[in-house]
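The structure appears below as structure tokens.
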Amino acid sequence: MHFGFQTVTEEERREKIYQVFENVAKKYDVMNDSMTLGIHRVWKDILVHKMNPCPGTLLLDVAGGTGDIAFRFINYVRSVRQRQLQRKLKHHQNLSWQEIFESYQKDEFNSLGDSQVVVCDINREMLKVGKQKAEHLGYSEGLSWVLGNAEELPFDDDKFDVYTIAFGIRNVTRIDLALQEAYRVLKPGGRFLCLEFSHVSNPLLSRLYDLYSFQVIPVLGEVIAGDWRSYQYLVESIRQFPPQEELKVMIEDAGFFKVDYENLNFGIVAIHSGFKL
Amino acid sequence: MATRWPGATPYSPIPAAKNLPGGGTGQERERKVVSKGNQQYPPLRALQASAVLRRASDEHKKEPLASSSQQHFDSPPAGHQPEQKPQGPHPSYTGQGGQESEDYESEEQLQHRILTAALEFVPEHGWTAEAIAEGAKTLGLSVAAAGMFRSDGSELILHFVSECNSKLSELLQKEQKLVQLGEAEKKPIDEFLRDAVEARLRMLIPYIEKWPQALSILLLPRNIPSSLNLLTSMIDDIWHYAGDQSTDFNWYTRRAVLTGIYNTTELVMMQDSSPGFEDTWRFLGNRVADAMAMSSTASQVQSTGEAVVQGLMGAAVTIKNLAGLNQRR
């Protein structure tokens, strides 16, 4: 088993990764912004946009730690719901006052349209940071936090509409198990979305990217978070992670159909999508 | 619509559907569709499970086809399971033998079913991903299945158009059979065209409110190849069934004329508020009459031209005679 460029046993790997994220939890968001120059926000926006959730969707965000995807999901669903309600009101131009009053009563308490997101993470620290962020930003409705392992999810079969894992699957020790679990908890017709660092095929860009990764990022880690080893692990794990096509095959092996991937920034990041059909 | 009954012609995907862009990625893999008794929505299983069952059904293939197909076709309750497809695209894998009625469905067929189910929600939600999501829900799938299609709903519209074209084709074929069997009169060409276009346009009536939106999406550059393709194949179809009633048009002119008639009538229909769309049908009748008149005018022009030339020749000969130039001395 590899931990970055080191070789370790499976148990050691799980422990080491747990510690990495325990250490970085508080500075996780700051580091993301500085390492990717804020572009990680765009990547996550694109992921949620690609998901295009409609109100009533049940999302499971695995390795969702600090809640970035969950908050974006809630915002998106809220705005879609707003538009829906506006359209309905336009339709009902000639209602009586009583009916209008009733519709306001009903819809006011349904600004999310019954959508829900469950944030699941293996690391307690990351979940803590996430909960604090949610409180700070004012997210309360439709959000729940669960401690769990992606390789063995504490959920029933056929429960969720969408399963996302953003920048998390790289840290899972047995990716095949995680994919199987994803398949299990999704409803028929459900969608699997994975946002992850991937391989850059363009040689020039690849060299620049390597340079940036190995020279700049650990230094940033030391300066900002006081922990260059964790960030060394980060960039090494990106190199160890299977490339786009290989991951696509793994996802297909887990039983997903219509598996496809979209490269962002020439392959620095890729979004893989599959459906449980 | 897209489905055929067991025992009828073997299933073949609708040709027009192949023109739709956005096919599956890589290989087309087959889903297992289990249909038992009164179950309306087939449960879906993982590839590993279906790989195992595929082998089991292969063993059952040894049974004679006649008896097994009888058994197989009797099992679905009549009138209830239009989703059942007794023969998948690879007949060697279908469970035509034995007690199990497990069929295989490709991703494309599933997408087809979802789009068909979504049509019911179009009057309410428009041609959008929402309508597709609602359609997926009725099939027992998650709303996330709508993510398989583009979010602007263009696939839904193209699916609808190709379905309408197929229906029109079937209608015209049936009429042709009746004429061949001598049970119906062959229609004159203008009546035929008028009826065909009217029948096709009537299929839009349930969706007429949202149709302008659909037209604008069909005109997006990305969709023009497909929509143009569907349009021309429909026009060709109509001319094919119109038969050899030649009206002295050549092929391109015929296409262009009927396309013009169809498009303009469609646009008139969009803003027609008369009862039963009678204004539209009157407009259609006038346009078809114009086209017929144009054709006879064209031939008239031609024969007039010939007549004029002949007249000139005759005049020249007369003058020569009068001037005595024709005499042989």
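Residues are named by chain letter and number: chains run A, B, ... in the order of the structure tokens, numbers start at 1 in each chain, and ligands are numbered from 1 in the order shown.
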Select all residues from chain A having any atom no more than 8 Å from an atom of chain B (counting only C-alpha atoms, ignoring ligands), output as a VMD selection string. chain A and resid 50 to 54 57 161 to 162 187 to 191 253 to 260 275 277
I need the chosen residues saved as a short mmCIF file (atom, residue, chain, number, x, y, z; two decimals), in the first residue's frame, with N, CA and C atoms.
```cif
data_model
loop_
_atom_site.label_atom_id
_atom_site.label_comp_id
_atom_site.auth_asym_id
_atom_site.auth_seq_id
_atom_site.Cartn_x
_atom_site.Cartn_y
_atom_site.Cartn_z
N LYS A 50 -22.99 20.55 -12.66
CA LYS A 50 -23.12 19.35 -13.47
C LYS A 50 -24.18 18.43 -12.88
N MET A 51 -24.24 18.42 -11.55
CA MET A 51 -25.24 17.61 -10.88
C MET A 51 -26.64 18.11 -11.21
N ASN A 52 -26.78 19.45 -11.30
CA ASN A 52 -28.06 20.06 -11.64
C ASN A 52 -29.19 19.47 -10.79
N PRO A 53 -29.08 19.53 -9.47
CA PRO A 53 -30.09 18.88 -8.65
C PRO A 53 -31.41 19.63 -8.69
N CYS A 54 -32.50 18.90 -8.67
CA CYS A 54 -33.80 19.55 -8.56
C CYS A 54 -34.29 19.39 -7.12
N THR A 57 -34.07 16.33 -4.04
CA THR A 57 -32.95 15.42 -4.20
C THR A 57 -32.31 15.13 -2.85
N ASP A 161 -30.15 9.85 -3.88
CA ASP A 161 -30.26 10.16 -5.29
C ASP A 161 -28.90 10.41 -5.90
N VAL A 162 -28.05 11.13 -5.17
CA VAL A 162 -26.73 11.46 -5.68
C VAL A 162 -25.69 11.18 -4.61
N LYS A 187 -29.98 4.98 -5.02
CA LYS A 187 -31.24 4.47 -5.56
C LYS A 187 -31.02 4.04 -7.00
N PRO A 188 -31.88 3.18 -7.55
CA PRO A 188 -31.79 2.91 -8.98
C PRO A 188 -32.00 4.19 -9.76
N GLY A 189 -31.13 4.44 -10.71
CA GLY A 189 -31.19 5.71 -11.42
C GLY A 189 -30.33 6.78 -10.75
N GLY A 190 -29.76 6.45 -9.60
CA GLY A 190 -28.97 7.43 -8.88
C GLY A 190 -27.64 7.70 -9.55
N ARG A 191 -27.02 8.81 -9.17
CA ARG A 191 -25.82 9.25 -9.85
C ARG A 191 -24.63 9.30 -8.91
N ASP A 253 -16.58 -1.24 -13.15
CA ASP A 253 -16.54 -2.54 -12.49
C ASP A 253 -17.46 -2.61 -11.29
N ALA A 254 -17.67 -1.47 -10.66
CA ALA A 254 -18.55 -1.48 -9.49
C ALA A 254 -20.01 -1.59 -9.90
N GLY A 255 -20.28 -1.50 -11.21
CA GLY A 255 -21.65 -1.70 -11.67
C GLY A 255 -22.31 -0.47 -12.25
N PHE A 256 -21.59 0.64 -12.32
CA PHE A 256 -22.20 1.85 -12.84
C PHE A 256 -22.23 1.84 -14.35
N PHE A 257 -23.26 2.52 -14.88
CA PHE A 257 -23.40 2.65 -16.32
C PHE A 257 -23.21 4.09 -16.75
N LYS A 258 -23.02 4.26 -18.06
CA LYS A 258 -22.85 5.60 -18.62
C LYS A 258 -21.76 6.35 -17.86
N VAL A 259 -20.65 5.67 -17.66
CA VAL A 259 -19.56 6.30 -16.92
C VAL A 259 -18.79 7.20 -17.87
N ASP A 260 -18.54 8.42 -17.42
CA ASP A 260 -17.85 9.37 -18.25
C ASP A 260 -17.04 10.30 -17.38
N PHE A 275 -23.96 6.20 -13.48
CA PHE A 275 -25.33 6.03 -13.03
C PHE A 275 -25.59 4.60 -12.61
N LEU A 277 -27.94 1.95 -12.95
CA LEU A 277 -29.11 1.66 -13.77
C LEU A 277 -29.53 0.23 -13.61
#
```
Using only C-alpha atoms, which protein or nucleic acid residues come within 10 Å of segment 212-217 of chain A? Drop anything in the same chain fewer than 2 positions from it, and give the result as a list in words. Met31, Ser34, Met35, Thr36, Ser206, Arg207, Leu208, Tyr209, Asp210, Val219, Leu220, Gly221, Glu222, Val223, Trp228, Tyr231, Gln232, Leu234, Val235, Glu236 and Ile238 of chain A
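Minimum atom-to-atom distance to Leu215 of chain B, evaluated using only C-alpha atoms, belongs to B:Phe160 out of B:Phe160, B:Phe277, B:Phe283, B:Phe149.
When only C-alpha atoms are used to measure the gap to Glu175 of chain B, the shortest distance among B:Gly276, B:Tyr241, B:Leu267, B:Leu231 belongs to B:Tyr241.
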Pull the alpha helix (DSSP H) assignments for segment 66-298 of chain B out of DSSP run on the backbone, and list those residues as an MDAnalysis selection string. chainID B and resid 66:74 107:118 122:125 129:138 154:180 189:202 211:218 224:242 251:270 278:298
Show me, as a PyMOL selection string, the residues that have an atom within 9 Å of Val161 of chain B when counting only C-alpha atoms, minus same-chain residues fewer than 4 positions from it. chain B and resi 156-157+165-166+227+230-231
Restrict the selected residues to N, CA and C atoms and save them as a compact mmCIF listing (two decimals), in the first residue's frame.
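So result.txt came out as:
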```txt
# COMPACT_ATOMS: atom_id res chain seq x y z
N LEU B 156 -35.00 15.55 -25.21
CA LEU B 156 -36.41 15.24 -25.04
C LEU B 156 -37.20 15.67 -26.27
N ILE B 157 -36.88 16.86 -26.77
CA ILE B 157 -37.60 17.37 -27.94
C ILE B 157 -37.30 16.52 -29.16
N ASN B 165 -42.69 11.43 -35.97
CA ASN B 165 -42.41 11.02 -37.34
C ASN B 165 -42.70 9.54 -37.52
N SER B 166 -42.34 8.73 -36.55
CA SER B 166 -42.63 7.30 -36.65
C SER B 166 -44.12 7.05 -36.71
N SER B 227 -32.10 18.12 -35.97
CA SER B 227 -33.49 18.51 -36.24
C SER B 227 -33.73 18.60 -37.74
N LEU B 230 -34.24 15.09 -39.05
CA LEU B 230 -35.56 14.56 -38.75
C LEU B 230 -36.60 15.18 -39.68
N LEU B 231 -36.47 16.49 -39.91
CA LEU B 231 -37.43 17.17 -40.76
C LEU B 231 -37.39 16.61 -42.17
```
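Every residue of segment 88-306 of chain B found in strand (DSSP E) when DSSP is run on the backbone appears here: Glu102, Asp103, Tyr104, Glu105 and Ser106 of chain B.
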With N, CA, C and O atoms retained, write the just-selected residues as a compact mmCIF listing (two decimals), in the first residue's frame.
```
# COMPACT_ATOMS: atom_id res chain seq x y z
N GLU B 102 -36.43 -12.95 -17.99
CA GLU B 102 -35.49 -11.85 -17.75
C GLU B 102 -35.01 -11.36 -19.09
O GLU B 102 -34.58 -12.12 -19.95
N ASP B 103 -35.11 -10.07 -19.26
CA ASP B 103 -34.72 -9.51 -20.53
C ASP B 103 -33.60 -8.51 -20.33
O ASP B 103 -33.38 -8.04 -19.23
N TYR B 104 -32.93 -8.18 -21.40
CA TYR B 104 -31.85 -7.24 -21.30
C TYR B 104 -32.21 -5.98 -22.05
O TYR B 104 -32.82 -6.02 -23.10
N GLU B 105 -31.84 -4.92 -21.46
CA GLU B 105 -32.18 -3.63 -22.04
C GLU B 105 -30.90 -2.83 -22.12
O GLU B 105 -30.12 -2.82 -21.20
N SER B 106 -30.68 -2.17 -23.20
CA SER B 106 -29.48 -1.37 -23.29
C SER B 106 -29.73 -0.01 -22.68
O SER B 106 -30.87 0.37 -22.41
```
Can you pull out every residue within 9 Å of Tyr28 of chain A, counting only C-alpha atoms, but drop anything in the same chain fewer than 3 positions away, and send it as JSON, numbers by chain? {"A": [21, 24, 25, 31, 32, 33, 66, 126, 225]}
For those residues, write C-alpha atoms to a file as a compact mmCIF listing (two decimals), in the first residue's frame.
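Output below, filename part.txt:
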```
# COMPACT_ATOMS: atom_id res chain seq x y z
CA PHE A 21 -6.55 15.41 8.17
CA VAL A 24 -4.93 20.12 8.68
CA ALA A 25 -8.62 20.33 9.60
CA MET A 31 -4.81 25.94 2.42
CA ASN A 32 -7.19 25.01 -0.37
CA ASP A 33 -7.50 28.62 -1.36
CA THR A 66 -15.82 20.96 5.80
CA MET A 126 -13.08 17.70 9.75
CA ALA A 225 -0.36 25.47 8.38
```
